[in-house]
Every structure is written in structure tokens, then in C-alpha cells.
Amino acid sequence: KKEETTSPPSSSAALSVASVADAAPPAAPTAWSGKYTAIAATLYVPDGGEFKGFKFRGDDAGEGLGEGALRLDEDPKTHAVTGDVDGVLGALVVSGSRDKSDITFSVRPKTPGDDSFFGTGSAKVDGAKVTGTIRVSLARANVIREASFSLDPAPAK
């Protein structure tokens, strides 16, 4: 029977692992905040079939037009995205996820009602910056808005 021998671990191996860990790049931002600008949006319906000649005639009151604030927070482990919207679209809650450089989410009011906006959003992460669009309508679907946004890194909550 041949006896196997093992040599003790090298201290230089432990040193090189520690050096690599110390040299790791800083973590990417996981929170962003900034402003959005909401404008009146349109609804596209294909012309033909049962929708031939249909034209959306929403109420175009002045509500939901202008600027507001948006904050997104990403859980670095699960990539779940949460956040808050305030301003002309009302107090909304964000819930979604990130896949590589794409963020998709839903927005709903903190306190739902007929005069509340509901919708979805999408964004791209490019380095430390996040840009995207939120598309919402009132619960009665009589007012449609589109809000573009640009966010910069924000301190974690």
C-alpha cells in the first residue's frame, strides 16, 4: 500500500486570496433618485376589424402634467426593485425587478382611488445612471400620461 502525503497549505496562497479580495471593485449603485416629467400620452388602437374608426377621446384635464420625484432601490441579492414616486402623478409605489441592465416595474397608488394613477415603467441602467419611462392612466382610464425620467446614484436608505 502506497502512503499519500499532503503538504501543509502555503501561506502565500492565503495572502494572494486576501490581495484579490482587497482589490475588488466597489459595488455598483443600488439606489437612484431624480426627476420625471409627465406629458399627455396617446392610446394606439389598430384601425380595422372591430376597432375600425375608433378614436380614443380621453379627458385631457391638466392633472398629472409636469414634474415630480422618483426613487428606485435595488436589492443586490434578489435584484428586486422597489421605490416611490411623488409629484404630479401622486404618491405611488414602485415594485419590479432588474435583469442585467433592464429594469421593469409596476406603479400603483399608496392610497388607491378613482383619481389615482396606475401603470408600468421600464428603464435602462447605463453605468451609474438610470433612464426610462413610466406609462400610467387614471383608474377610469380617461387620462393617460407618459413620464420620462433620468436618475443618478442616491444614498441607500
# chains A, B, ... in the order shown; residues from 1 in each chain; ligands from 1
call {"tool": "select_by_dssp", "arguments": {"residues": "region 17-142 of chain A", "states": "strand (DSSP E)", "output": "ChimeraX atom specification"}}
result
/A:31-40,66-74,80-87,92-99,102-109,117-126,129-138
call {"tool": "write_last_selection", "arguments": {"atoms": "C-alpha atoms", "output": "CSV table (one decimal), in the first residue's frame"}}
result
chain,number,residue,atom,x,y,z
A,31,ALA,CA,-30.3,53.2,-5.3
A,32,TRP,CA,-31.1,56.0,-7.7
A,33,SER,CA,-33.1,59.2,-7.5
A,34,GLY,CA,-34.1,62.1,-9.7
A,35,LYS,CA,-36.9,63.8,-11.5
A,36,TYR,CA,-39.5,62.8,-14.0
A,37,THR,CA,-41.5,65.0,-16.5
A,38,ALA,CA,-45.0,63.8,-17.3
A,39,ILE,CA,-46.8,64.7,-20.5
A,40,ALA,CA,-50.1,63.8,-22.1
A,66,GLY,CA,-45.4,68.4,-15.0
A,67,GLU,CA,-42.6,67.2,-12.8
A,68,GLY,CA,-42.1,65.0,-9.8
A,69,ALA,CA,-39.5,62.9,-8.0
A,70,LEU,CA,-38.7,59.2,-8.4
A,71,ARG,CA,-36.5,56.9,-6.3
A,72,LEU,CA,-35.6,53.3,-7.1
A,73,ASP,CA,-33.8,50.9,-4.7
A,74,GLU,CA,-32.5,47.5,-5.8
A,80,ALA,CA,-36.0,43.2,-6.7
A,81,VAL,CA,-36.6,46.9,-7.3
A,82,THR,CA,-38.8,49.0,-5.1
A,83,GLY,CA,-39.3,52.7,-4.9
A,84,ASP,CA,-41.5,55.8,-4.6
A,85,VAL,CA,-43.0,58.3,-7.0
A,86,ASP,CA,-44.2,61.7,-5.8
A,87,GLY,CA,-45.3,64.9,-7.5
A,92,LEU,CA,-47.1,56.0,-6.0
A,93,VAL,CA,-45.3,52.8,-5.0
A,94,VAL,CA,-42.8,51.0,-7.4
A,95,SER,CA,-42.4,47.2,-7.5
A,96,GLY,CA,-40.3,45.4,-10.0
A,97,SER,CA,-37.0,43.7,-10.9
A,98,ARG,CA,-33.7,44.2,-12.6
A,99,ASP,CA,-32.3,41.8,-15.3
A,102,ASP,CA,-33.1,46.3,-17.8
A,103,ILE,CA,-35.4,47.4,-15.0
A,104,THR,CA,-39.2,46.7,-15.4
A,105,PHE,CA,-41.8,47.7,-12.7
A,106,SER,CA,-45.4,48.5,-11.9
A,107,VAL,CA,-46.6,51.6,-10.2
A,108,ARG,CA,-49.7,51.8,-8.1
A,109,PRO,CA,-51.0,54.4,-5.7
A,117,PHE,CA,-52.7,56.8,-11.5
A,118,PHE,CA,-51.7,53.1,-12.1
A,119,GLY,CA,-49.3,51.8,-14.7
A,120,THR,CA,-45.9,50.4,-15.6
A,121,GLY,CA,-42.4,51.5,-16.2
A,122,SER,CA,-39.1,50.4,-17.8
A,123,ALA,CA,-35.6,51.6,-17.6
A,124,LYS,CA,-32.0,51.0,-18.7
A,125,VAL,CA,-29.0,51.1,-16.3
A,126,ASP,CA,-26.0,52.6,-18.1
A,129,LYS,CA,-27.2,56.4,-14.5
A,130,VAL,CA,-30.8,55.0,-15.0
A,131,THR,CA,-33.1,56.4,-17.7
A,132,GLY,CA,-36.6,55.3,-18.6
A,133,THR,CA,-40.3,55.9,-19.0
A,134,ILE,CA,-43.4,55.5,-16.8
A,135,ARG,CA,-46.7,54.9,-18.6
A,136,VAL,CA,-49.8,55.5,-16.4
A,137,SER,CA,-53.6,56.1,-16.6
A,138,LEU,CA,-56.2,57.1,-14.1
call {"tool": "closest_residue", "arguments": {"among": "A:Lys100, A:Ala61, A:Val88, A:Tyr44", "to": "Asn142 (chain A)", "atoms": "only C-alpha atoms"}}
result
A:Ala61
call {"tool": "select_by_dssp", "arguments": {"residues": "region 3-154 of chain A", "states": "alpha helix (DSSP H)", "output": "NGL selection string"}}
result
:A and (11-22)
call {"tool": "write_last_selection", "arguments": {"atoms": "all heavy atoms", "output": "short mmCIF file (atom, residue, chain, number, x, y, z; two decimals), in the first residue's frame"}}
result
data_model
loop_
_atom_site.label_atom_id
_atom_site.label_comp_id
_atom_site.auth_asym_id
_atom_site.auth_seq_id
_atom_site.Cartn_x
_atom_site.Cartn_y
_atom_site.Cartn_z
N SER A 11 1.25 29.64 2.99
CA SER A 11 0.79 30.95 3.47
C SER A 11 0.73 31.94 2.33
O SER A 11 0.00 32.91 2.39
CB SER A 11 1.70 31.45 4.60
OG SER A 11 3.01 31.62 4.10
N SER A 12 1.48 31.72 1.25
CA SER A 12 1.42 32.64 0.12
C SER A 12 0.09 32.53 -0.61
O SER A 12 -0.41 33.49 -1.16
CB SER A 12 2.58 32.38 -0.85
OG SER A 12 2.47 31.09 -1.41
N ALA A 13 -0.56 31.34 -0.60
CA ALA A 13 -1.87 31.18 -1.22
C ALA A 13 -2.90 32.02 -0.46
O ALA A 13 -3.74 32.68 -1.06
CB ALA A 13 -2.28 29.72 -1.24
N ALA A 14 -2.87 31.98 0.85
CA ALA A 14 -3.81 32.78 1.65
C ALA A 14 -3.57 34.26 1.42
O ALA A 14 -4.52 35.04 1.34
CB ALA A 14 -3.65 32.44 3.13
N LEU A 15 -2.34 34.66 1.28
CA LEU A 15 -2.00 36.05 1.04
C LEU A 15 -2.53 36.51 -0.31
O LEU A 15 -3.10 37.58 -0.43
CB LEU A 15 -0.48 36.25 1.14
CG LEU A 15 0.02 37.67 0.94
CD1 LEU A 15 -0.60 38.60 1.98
CD2 LEU A 15 1.52 37.71 1.04
N SER A 16 -2.40 35.68 -1.35
CA SER A 16 -2.85 36.09 -2.67
C SER A 16 -4.38 36.20 -2.73
O SER A 16 -4.91 37.06 -3.39
CB SER A 16 -2.33 35.15 -3.75
OG SER A 16 -2.88 33.87 -3.57
N VAL A 17 -5.11 35.35 -2.02
CA VAL A 17 -6.56 35.45 -1.97
C VAL A 17 -6.97 36.74 -1.28
O VAL A 17 -7.87 37.45 -1.74
CB VAL A 17 -7.18 34.22 -1.25
CG1 VAL A 17 -8.64 34.43 -0.98
CG2 VAL A 17 -6.95 32.97 -2.08
N ALA A 18 -6.34 37.09 -0.20
CA ALA A 18 -6.66 38.33 0.50
C ALA A 18 -6.36 39.54 -0.38
O ALA A 18 -7.12 40.50 -0.38
CB ALA A 18 -5.87 38.41 1.81
N SER A 19 -5.29 39.49 -1.15
CA SER A 19 -4.95 40.61 -2.02
C SER A 19 -6.00 40.81 -3.10
O SER A 19 -6.37 41.92 -3.43
CB SER A 19 -3.59 40.39 -2.68
OG SER A 19 -2.60 40.31 -1.69
N VAL A 20 -6.54 39.71 -3.65
CA VAL A 20 -7.58 39.80 -4.67
C VAL A 20 -8.85 40.39 -4.07
O VAL A 20 -9.50 41.23 -4.67
CB VAL A 20 -7.85 38.40 -5.29
CG1 VAL A 20 -9.08 38.43 -6.17
CG2 VAL A 20 -6.64 37.94 -6.08
N ALA A 21 -9.21 39.96 -2.88
CA ALA A 21 -10.41 40.48 -2.22
C ALA A 21 -10.29 41.97 -1.96
O ALA A 21 -11.24 42.72 -2.12
CB ALA A 21 -10.68 39.73 -0.93
N ASP A 22 -9.09 42.40 -1.53
CA ASP A 22 -8.88 43.82 -1.27
C ASP A 22 -8.95 44.64 -2.55
O ASP A 22 -9.32 45.81 -2.53
CB ASP A 22 -7.52 44.05 -0.61
CG ASP A 22 -7.48 43.50 0.81
OD1 ASP A 22 -8.56 43.28 1.39
OD2 ASP A 22 -6.37 43.28 1.33
#
call {"tool": "decode", "arguments": {"residues": "region 30-62 of chain A", "atoms": "N, CA, C and O atoms", "output": "tab-separated table (two decimals), in the first residue's frame"}}
result
chain	number	residue	atom	x	y	z
A	30	THR	N	-26.98	50.80	-5.99
A	30	THR	CA	-28.22	50.04	-5.86
A	30	THR	C	-29.39	50.94	-5.48
A	30	THR	O	-30.44	50.46	-5.12
A	31	ALA	N	-29.18	52.23	-5.56
A	31	ALA	CA	-30.25	53.20	-5.30
A	31	ALA	C	-30.04	54.39	-6.22
A	31	ALA	O	-28.90	54.83	-6.42
A	32	TRP	N	-31.14	54.87	-6.81
A	32	TRP	CA	-31.07	56.01	-7.70
A	32	TRP	C	-32.24	56.94	-7.42
A	32	TRP	O	-33.31	56.50	-7.01
A	33	SER	N	-32.03	58.22	-7.64
A	33	SER	CA	-33.13	59.18	-7.47
A	33	SER	C	-32.97	60.30	-8.48
A	33	SER	O	-31.88	60.54	-9.00
A	34	GLY	N	-34.08	60.96	-8.76
A	34	GLY	CA	-34.06	62.06	-9.72
A	34	GLY	C	-35.47	62.54	-10.00
A	34	GLY	O	-36.40	62.29	-9.23
A	35	LYS	N	-35.61	63.21	-11.12
A	35	LYS	CA	-36.87	63.84	-11.50
A	35	LYS	C	-37.47	63.15	-12.72
A	35	LYS	O	-36.77	62.57	-13.53
A	36	TYR	N	-38.80	63.26	-12.83
A	36	TYR	CA	-39.50	62.84	-14.03
A	36	TYR	C	-40.30	64.01	-14.56
A	36	TYR	O	-40.60	64.96	-13.83
A	37	THR	N	-40.64	63.96	-15.84
A	37	THR	CA	-41.50	64.95	-16.46
A	37	THR	C	-42.63	64.22	-17.15
A	37	THR	O	-42.39	63.41	-18.06
A	38	ALA	N	-43.87	64.47	-16.73
A	38	ALA	CA	-45.04	63.79	-17.28
A	38	ALA	C	-45.72	64.67	-18.32
A	38	ALA	O	-45.90	65.87	-18.11
A	39	ILE	N	-46.08	64.04	-19.44
A	39	ILE	CA	-46.79	64.73	-20.52
A	39	ILE	C	-48.04	63.92	-20.88
A	39	ILE	O	-48.16	62.75	-20.51
A	40	ALA	N	-48.94	64.54	-21.63
A	40	ALA	CA	-50.13	63.83	-22.11
A	40	ALA	C	-49.67	62.76	-23.09
A	40	ALA	O	-48.76	62.97	-23.89
A	41	ALA	N	-50.28	61.58	-23.00
A	41	ALA	CA	-49.91	60.47	-23.87
A	41	ALA	C	-51.11	60.06	-24.71
A	41	ALA	O	-52.23	60.51	-24.47
A	42	THR	N	-50.86	59.22	-25.69
A	42	THR	CA	-51.92	58.75	-26.57
A	42	THR	C	-52.10	57.25	-26.44
A	42	THR	O	-51.23	56.56	-25.90
A	43	LEU	N	-53.20	56.78	-26.94
A	43	LEU	CA	-53.51	55.35	-26.95
A	43	LEU	C	-53.60	54.93	-28.41
A	43	LEU	O	-54.35	55.53	-29.18
A	44	TYR	N	-52.87	53.89	-28.79
A	44	TYR	CA	-52.92	53.39	-30.16
A	44	TYR	C	-53.87	52.20	-30.23
A	44	TYR	O	-53.76	51.26	-29.44
A	45	VAL	N	-54.80	52.27	-31.16
A	45	VAL	CA	-55.71	51.16	-31.43
A	45	VAL	C	-55.61	50.87	-32.92
A	45	VAL	O	-55.73	51.79	-33.75
A	46	PRO	N	-55.36	49.61	-33.30
A	46	PRO	CA	-55.24	49.30	-34.73
A	46	PRO	C	-56.53	49.68	-35.47
A	46	PRO	O	-57.63	49.48	-34.95
A	47	ASP	N	-56.38	50.23	-36.66
A	47	ASP	CA	-57.54	50.62	-37.45
A	47	ASP	C	-57.95	49.44	-38.32
A	47	ASP	O	-57.27	49.07	-39.26
A	48	GLY	N	-59.04	48.83	-37.98
A	48	GLY	CA	-59.51	47.67	-38.74
A	48	GLY	C	-60.29	46.76	-37.83
A	48	GLY	O	-60.28	46.88	-36.61
A	49	GLY	N	-61.00	45.85	-38.45
A	49	GLY	CA	-61.78	44.89	-37.67
A	49	GLY	C	-62.79	45.60	-36.80
A	49	GLY	O	-63.39	46.61	-37.18
A	50	GLU	N	-62.97	45.08	-35.61
A	50	GLU	CA	-63.97	45.65	-34.71
A	50	GLU	C	-63.62	47.06	-34.21
A	50	GLU	O	-64.47	47.76	-33.68
A	51	PHE	N	-62.37	47.49	-34.40
A	51	PHE	CA	-61.96	48.82	-33.94
A	51	PHE	C	-61.93	49.85	-35.06
A	51	PHE	O	-61.47	50.96	-34.88
A	52	LYS	N	-62.41	49.50	-36.25
A	52	LYS	CA	-62.38	50.41	-37.39
A	52	LYS	C	-63.06	51.74	-37.03
A	52	LYS	O	-64.19	51.76	-36.56
A	53	GLY	N	-62.33	52.82	-37.23
A	53	GLY	CA	-62.86	54.14	-36.98
A	53	GLY	C	-62.85	54.58	-35.52
A	53	GLY	O	-63.25	55.68	-35.19
A	54	PHE	N	-62.36	53.72	-34.62
A	54	PHE	CA	-62.32	54.07	-33.19
A	54	PHE	C	-61.28	55.15	-32.94
A	54	PHE	O	-60.19	55.10	-33.47
A	55	LYS	N	-61.62	56.13	-32.14
A	55	LYS	CA	-60.66	57.15	-31.72
A	55	LYS	C	-60.83	57.35	-30.24
A	55	LYS	O	-61.94	57.58	-29.75
A	56	PHE	N	-59.72	57.26	-29.50
A	56	PHE	CA	-59.76	57.47	-28.05
A	56	PHE	C	-60.06	58.93	-27.77
A	56	PHE	O	-59.41	59.82	-28.30
A	57	ARG	N	-61.04	59.17	-26.95
A	57	ARG	CA	-61.42	60.53	-26.59
A	57	ARG	C	-61.34	60.68	-25.07
A	57	ARG	O	-62.34	60.79	-24.40
A	58	GLY	N	-60.13	60.66	-24.56
A	58	GLY	CA	-59.94	60.79	-23.12
A	58	GLY	C	-60.13	62.22	-22.66
A	58	GLY	O	-60.13	63.15	-23.45
A	59	ASP	N	-60.31	62.36	-21.38
A	59	ASP	CA	-60.38	63.69	-20.78
A	59	ASP	C	-58.95	64.20	-20.72
A	59	ASP	O	-58.07	63.52	-20.22
A	60	ASP	N	-58.73	65.38	-21.24
A	60	ASP	CA	-57.38	65.90	-21.15
A	60	ASP	C	-57.34	67.09	-20.21
A	60	ASP	O	-57.01	68.20	-20.59
A	61	ALA	N	-57.72	66.83	-18.99
A	61	ALA	CA	-57.63	67.84	-17.95
A	61	ALA	C	-56.15	68.09	-17.65
A	61	ALA	O	-55.28	67.38	-18.13
A	62	GLY	N	-55.87	69.04	-16.83
A	62	GLY	CA	-54.50	69.39	-16.52
A	62	GLY	C	-53.83	68.50	-15.48
A	62	GLY	O	-52.67	68.70	-15.16
